[in-house]
Amino acid sequence: MVIFSIAIGLGVWAVMDSLQTRKLKDIFQTQVSERLKQAAVEDRVRFDNVINIHLQLVKLVAGGKKFHDFIDFLRQSEWAQEGDVEVVYSETPPLWFPKPSILRALVNIRYALLLDGSRRVREVYRGYPEELP
């Protein structure tokens, strides 16, 4: 009788273990996929917010009077000439940047590159002391 009880107990345990293991895996997969979907939506919203902040910054810089005056000045200078022109590196905000009080409200700028019509880098502003990647 003891052996029979043990055999039936082991049989019931094996069947129930396989059924419950399968059910637990399904529950786990469902919860993981729900959490991943939620995290993906949150990450997408965060990414969109960062891109919109950078877009506002670009519009602010490129639409500013300082920027247009600086570009007009450069067009009349040697900067517009073809050939090798030295790249200007600065760690202080360049002349064509808006005031720091305006920029403070938007985003910390790590780098800003000013390119000419041939897409060559002419000026580099580094907001942090690290080198460009």
# chains A, B, ... in the order shown; residues from 1 in each chain; ligands from 1
call {"tool": "residues_around", "arguments": {"residues": "range 49-63 of chain A", "least_positions_apart": "2", "cutoff": "9 Å", "atoms": "only C-alpha atoms", "output": "compact mmCIF listing (two decimals) with C-alpha atoms, in the first residue's frame"}}
result
# COMPACT_ATOMS: atom_id res chain seq x y z
CA ARG A 44 9.53 56.20 -27.57
CA VAL A 45 7.82 59.09 -25.77
CA ARG A 46 11.08 59.99 -24.03
CA PHE A 47 12.97 59.83 -27.36
CA LYS A 65 19.49 87.32 -35.92
CA LYS A 66 22.98 86.66 -34.52
CA PHE A 67 23.26 83.50 -36.61
CA HIS A 68 22.13 85.20 -39.82
CA TRP A 96 26.26 82.97 -33.40
CA PHE A 97 24.80 81.23 -30.34
CA PRO A 98 21.83 82.64 -28.43
CA LEU A 103 19.88 77.97 -23.83
CA LEU A 106 16.33 73.92 -23.29
CA VAL A 107 19.12 71.37 -23.25
call {"tool": "residues_around", "arguments": {"residues": "Pro94 in chain A", "least_positions_apart": "3", "cutoff": "9 Å", "atoms": "only C-alpha atoms", "output": "number ranges by chain"}}
result
A: 90-91, 97-98, 123-125
call {"tool": "select_by_dssp", "arguments": {"residues": "range 2-115 of chain A", "states": "alpha helix (DSSP H)", "output": "PyMOL selection string"}}
result
chain A and resi 2-62+65-76+100-103
call {"tool": "select_by_dssp", "arguments": {"residues": "range 8-123 of chain A", "states": "strand (DSSP E)", "output": "list in words"}}
result
Val88, Tyr89, Ser90, Tyr111, Ala112, Leu113, Leu114, Leu115, Val121, Arg122 and Glu123 of chain A
call {"tool": "residues_around", "arguments": {"residues": "Arg122 in chain A", "least_positions_apart": "4", "cutoff": "7 Å", "atoms": "only C-alpha atoms", "output": "MDAnalysis selection string"}}
result
chainID A and resid 87:88 114:116
call {"tool": "write_last_selection", "arguments": {"atoms": "N, CA and C atoms", "output": "PDB file, in the first residue's frame"}}
result
ATOM      1  N   VAL A  87      39.880  74.881 -39.116  1.00  0.00           N
ATOM      2  CA  VAL A  87      38.682  74.685 -38.306  1.00  0.00           C
ATOM      3  C   VAL A  87      38.883  75.404 -36.975  1.00  0.00           C
ATOM      4  N   VAL A  88      37.894  76.169 -36.570  1.00  0.00           N
ATOM      5  CA  VAL A  88      37.955  76.928 -35.323  1.00  0.00           C
ATOM      6  C   VAL A  88      37.302  76.100 -34.222  1.00  0.00           C
ATOM      7  N   LEU A 114      29.453  73.977 -37.178  1.00  0.00           N
ATOM      8  CA  LEU A 114      29.033  74.896 -38.224  1.00  0.00           C
ATOM      9  C   LEU A 114      29.691  74.430 -39.512  1.00  0.00           C
ATOM     10  N   LEU A 115      28.877  74.096 -40.495  1.00  0.00           N
ATOM     11  CA  LEU A 115      29.368  73.561 -41.763  1.00  0.00           C
ATOM     12  C   LEU A 115      29.210  74.606 -42.850  1.00  0.00           C
ATOM     13  N   ASP A 116      30.073  74.530 -43.867  1.00  0.00           N
ATOM     14  CA  ASP A 116      29.911  75.430 -45.009  1.00  0.00           C
ATOM     15  C   ASP A 116      29.037  74.765 -46.068  1.00  0.00           C
TER      16      ASP A 116
END
call {"tool": "closest_residue", "arguments": {"among": "A:Leu19, A:Leu95, A:Ile8, A:Gln31", "to": "Phe70 in chain A", "atoms": "only C-alpha atoms"}}
result
A:Leu95
call {"tool": "atom_distance", "arguments": {"atom1": "CA of Gly64 in chain A", "atom2": "CA of Ala105 in chain A"}}
result
16.2 Å
call {"tool": "atom_distance", "arguments": {"atom1": "CA of Asp84 in chain A", "atom2": "CA of Gly117 in chain A"}}
result
13.9 Å
